Amino acid sequence: MIALLQRVKMASVSVDGQRIAEIGPGLLVLVGVERADGPAQAARMAERLFAYRIFADAEGRMNLSLRDSGGELLLVPQFTLVADTSRGNRPGFEPAASPELGQALFRQLAASAKSLGCATQTGQFGANMDIELINTGPATFLLHVPHG
């Protein structure tokens with residue numbers, strides 16, 4: 001499972017012109033599910049997202065996690081994160097999970113984050129989404145929870 005984290009002042013997701021999710025300060029996370037991922041990867045990713053220390057402490061150093069800062073989490077499914085870009089000029093999507101598996105594991109990730117006490121919103125799986133955000137820092141990180 002791959003996650004692209006963006007530390008934000010705010011972020012929102014709209015589908016067909018309707019805002020379906022919105023957060024204040026916290027993390028916007030684009031999530032890609034790989035073919036070999038399973039429940040263990042979803043649970044581990046939720047733990048990492050909630051505990052990853054990328055928010056400033058009193059001295060301005062990245063020492064606080066989402067848990068510590070009280071920030072919110074916006075998870076957005078994005079299968080293109082797992083694209084194979086190693087050859088040619090067109091991405092290949094063989095590494096991506098099937099839509100059924102991807103949706104199930106994305107839902108599990110959201111449920112796991114909520115069970116950890118994280119205020120969590122989600123984008124809509126399979127939809128064409130418009131995302132607005134203010135990336136603060138900017139601070140963007142790539143997390144990978146390998147399978148196996």
# chains A, B, ... in the order shown; residues from 1 in each chain; ligands from 1
>>> residues_around(residues="Leu101 in chain A", least_positions_apart="5", cutoff="10 Å", atoms="only C-alpha atoms", output="number ranges by chain")
A: 33-38, 96, 106-107
>>> write_last_selection(atoms="C-alpha atoms", output="short mmCIF file (atom, residue, chain, number, x, y, z; two decimals), in the first residue's frame")
data_model
loop_
_atom_site.label_atom_id
_atom_site.label_comp_id
_atom_site.auth_asym_id
_atom_site.auth_seq_id
_atom_site.Cartn_x
_atom_site.Cartn_y
_atom_site.Cartn_z
CA VAL A 33 -3.61 -0.21 -3.14
CA GLU A 34 -1.30 -2.79 -4.68
CA ARG A 35 -2.36 -6.17 -6.05
CA ALA A 36 -0.69 -8.15 -3.23
CA ASP A 37 -1.97 -5.94 -0.37
CA GLY A 38 -4.25 -7.29 2.30
CA ALA A 96 -2.74 -2.04 -8.89
CA PHE A 106 -9.46 1.47 1.24
CA ARG A 107 -12.59 1.09 3.40
#
>>> atom_distance(atom1="CA of Gly137 in chain A", atom2="CA of Phe55 in chain A")
9.9 Å
>>> select_by_dssp(residues="range 25-111 of chain A", states="strand (DSSP E or B)", output="number ranges by chain")
A: 26-32, 34, 55-56, 62-64, 72-77, 84, 92, 96
>>> write_last_selection(atoms="C-alpha atoms", output="PDB file, in the first residue's frame")
ATOM      1  CA  GLY A  26      -4.197  17.749   9.188  1.00  0.00           C
ATOM      2  CA  LEU A  27      -3.264  15.347   6.420  1.00  0.00           C
ATOM      3  CA  LEU A  28      -4.572  14.834   2.916  1.00  0.00           C
ATOM      4  CA  VAL A  29      -3.526  11.316   1.956  1.00  0.00           C
ATOM      5  CA  LEU A  30      -3.714   9.893  -1.562  1.00  0.00           C
ATOM      6  CA  VAL A  31      -3.895   6.094  -1.245  1.00  0.00           C
ATOM      7  CA  GLY A  32      -2.848   3.459  -3.770  1.00  0.00           C
ATOM      8  CA  GLU A  34      -1.295  -2.792  -4.682  1.00  0.00           C
ATOM      9  CA  PHE A  55       3.767  18.485  12.568  1.00  0.00           C
ATOM     10  CA  ALA A  56       5.730  21.222  14.331  1.00  0.00           C
ATOM     11  CA  MET A  62       8.697  18.000  13.150  1.00  0.00           C
ATOM     12  CA  ASN A  63       8.047  16.075  16.350  1.00  0.00           C
ATOM     13  CA  LEU A  64       4.269  15.839  16.525  1.00  0.00           C
ATOM     14  CA  GLU A  72      -7.862  15.571  10.796  1.00  0.00           C
ATOM     15  CA  LEU A  73      -7.328  12.993   8.064  1.00  0.00           C
ATOM     16  CA  LEU A  74      -8.723  13.049   4.523  1.00  0.00           C
ATOM     17  CA  LEU A  75      -8.154   9.775   2.658  1.00  0.00           C
ATOM     18  CA  VAL A  76      -8.530   9.813  -1.124  1.00  0.00           C
ATOM     19  CA  PRO A  77      -8.316   6.613  -3.215  1.00  0.00           C
ATOM     20  CA  ASP A  84       4.398   1.075 -13.333  1.00  0.00           C
ATOM     21  CA  GLY A  92       0.939   0.495 -16.723  1.00  0.00           C
ATOM     22  CA  ALA A  96      -2.743  -2.039  -8.893  1.00  0.00           C
TER      23      ALA A  96
END
>>> residues_around(residues="range 118-134 of chain A", least_positions_apart="4", cutoff="10 Å", atoms="only C-alpha atoms", output="PyMOL selection string")
chain A and resi 6-30+46+49-50+66-67+70-79+99+102-104+106-107+110-114+138
>>> write_last_selection(atoms="C-alpha atoms", output="JSON list (two decimals), in the first residue's frame")
[["chain", "number", "residue", "atom", "x", "y", "z"],
["A", 6, "GLN", "CA", 0.41, 16.20, 2.32],
["A", 7, "ARG", "CA", 0.37, 18.30, 5.47],
["A", 8, "VAL", "CA", -2.47, 20.76, 4.92],
["A", 9, "LYS", "CA", -4.15, 23.79, 6.43],
["A", 10, "MET", "CA", -7.34, 22.59, 4.75],
["A", 11, "ALA", "CA", -8.45, 20.13, 2.09],
["A", 12, "SER", "CA", -11.69, 19.14, 0.44],
["A", 13, "VAL", "CA", -13.03, 16.69, -2.14],
["A", 14, "SER", "CA", -15.89, 17.35, -4.53],
["A", 15, "VAL", "CA", -17.70, 15.00, -6.90],
["A", 16, "ASP", "CA", -19.93, 16.43, -9.65],
["A", 17, "GLY", "CA", -19.64, 19.89, -8.10],
["A", 18, "GLN", "CA", -20.79, 18.71, -4.65],
["A", 19, "ARG", "CA", -18.37, 18.84, -1.72],
["A", 20, "ILE", "CA", -18.38, 15.37, -0.13],
["A", 21, "ALA", "CA", -15.53, 15.73, 2.40],
["A", 22, "GLU", "CA", -13.61, 18.54, 4.04],
["A", 23, "ILE", "CA", -10.99, 18.85, 6.76],
["A", 24, "GLY", "CA", -9.15, 21.63, 8.54],
["A", 25, "PRO", "CA", -5.51, 21.28, 9.60],
["A", 26, "GLY", "CA", -4.20, 17.75, 9.19],
["A", 27, "LEU", "CA", -3.26, 15.35, 6.42],
["A", 28, "LEU", "CA", -4.57, 14.83, 2.92],
["A", 29, "VAL", "CA", -3.53, 11.32, 1.96],
["A", 30, "LEU", "CA", -3.71, 9.89, -1.56],
["A", 46, "ALA", "CA", -3.53, 3.53, 9.45],
["A", 49, "LEU", "CA", -0.58, 7.78, 9.29],
["A", 50, "PHE", "CA", -1.77, 8.48, 12.82],
["A", 66, "LEU", "CA", -1.57, 13.60, 13.75],
["A", 67, "ARG", "CA", -2.53, 12.04, 17.10],
["A", 70, "GLY", "CA", -5.34, 16.76, 16.96],
["A", 71, "GLY", "CA", -5.41, 17.16, 13.18],
["A", 72, "GLU", "CA", -7.86, 15.57, 10.80],
["A", 73, "LEU", "CA", -7.33, 12.99, 8.06],
["A", 74, "LEU", "CA", -8.72, 13.05, 4.52],
["A", 75, "LEU", "CA", -8.15, 9.78, 2.66],
["A", 76, "VAL", "CA", -8.53, 9.81, -1.12],
["A", 77, "PRO", "CA", -8.32, 6.61, -3.21],
["A", 78, "GLN", "CA", -5.85, 7.02, -6.09],
["A", 79, "PHE", "CA", -4.92, 3.85, -7.97],
["A", 99, "PRO", "CA", -11.28, -2.42, -8.03],
["A", 102, "GLY", "CA", -8.85, -1.79, -3.71],
["A", 103, "GLN", "CA", -12.21, -0.57, -2.46],
["A", 104, "ALA", "CA", -12.35, -3.13, 0.35],
["A", 106, "PHE", "CA", -9.46, 1.47, 1.24],
["A", 107, "ARG", "CA", -12.59, 1.09, 3.40],
["A", 110, "ALA", "CA", -10.56, 4.38, 6.82],
["A", 111, "ALA", "CA", -12.20, 2.17, 9.46],
["A", 112, "SER", "CA", -8.81, 1.44, 11.06],
["A", 113, "ALA", "CA", -7.96, 5.15, 11.20],
["A", 114, "LYS", "CA", -11.31, 5.92, 12.83],
["A", 138, "PRO", "CA", 5.09, 22.52, 1.83]]
>>> select_by_dssp(residues="range 2-144 of chain A", states="alpha helix (DSSP H)", output="ChimeraX atom specification")
/A:39-51,66-69,99-115
>>> atom_distance(atom1="CA of Leu4 in chain A", atom2="CA of Thr136 in chain A")
14.5 Å
>>> atom_distance(atom1="CA of His147 in chain A", atom2="CA of Ala40 in chain A")
8.3 Å
>>> decode(residues="range 51-86 of chain A", atoms="C-alpha atoms", output="short mmCIF file (atom, residue, chain, number, x, y, z; two decimals), in the first residue's frame")
data_model
loop_
_atom_site.label_atom_id
_atom_site.label_comp_id
_atom_site.auth_asym_id
_atom_site.auth_seq_id
_atom_site.Cartn_x
_atom_site.Cartn_y
_atom_site.Cartn_z
CA ALA A 51 1.73 8.27 14.37
CA TYR A 52 3.94 9.82 11.64
CA ARG A 53 5.64 12.86 13.16
CA ILE A 54 5.46 15.68 10.61
CA PHE A 55 3.77 18.49 12.57
CA ALA A 56 5.73 21.22 14.33
CA ASP A 57 6.28 21.22 18.08
CA ALA A 58 6.81 24.38 20.19
CA GLU A 59 10.35 24.71 18.78
CA GLY A 60 9.14 24.37 15.18
CA ARG A 61 10.62 20.88 14.71
CA MET A 62 8.70 18.00 13.15
CA ASN A 63 8.05 16.07 16.35
CA LEU A 64 4.27 15.84 16.53
CA SER A 65 2.01 13.26 14.92
CA LEU A 66 -1.57 13.60 13.75
CA ARG A 67 -2.53 12.04 17.10
CA ASP A 68 -0.48 14.65 19.03
CA SER A 69 -1.64 17.64 16.98
CA GLY A 70 -5.34 16.76 16.96
CA GLY A 71 -5.41 17.16 13.18
CA GLU A 72 -7.86 15.57 10.80
CA LEU A 73 -7.33 12.99 8.06
CA LEU A 74 -8.72 13.05 4.52
CA LEU A 75 -8.15 9.78 2.66
CA VAL A 76 -8.53 9.81 -1.12
CA PRO A 77 -8.32 6.61 -3.21
CA GLN A 78 -5.85 7.02 -6.09
CA PHE A 79 -4.92 3.85 -7.97
CA THR A 80 -2.52 5.77 -10.24
CA LEU A 81 -0.03 5.90 -7.35
CA VAL A 82 0.84 2.27 -7.99
CA ALA A 83 1.36 2.69 -11.73
CA ASP A 84 4.40 1.07 -13.33
CA THR A 85 6.29 3.97 -14.93
CA SER A 86 9.51 2.09 -15.64
#
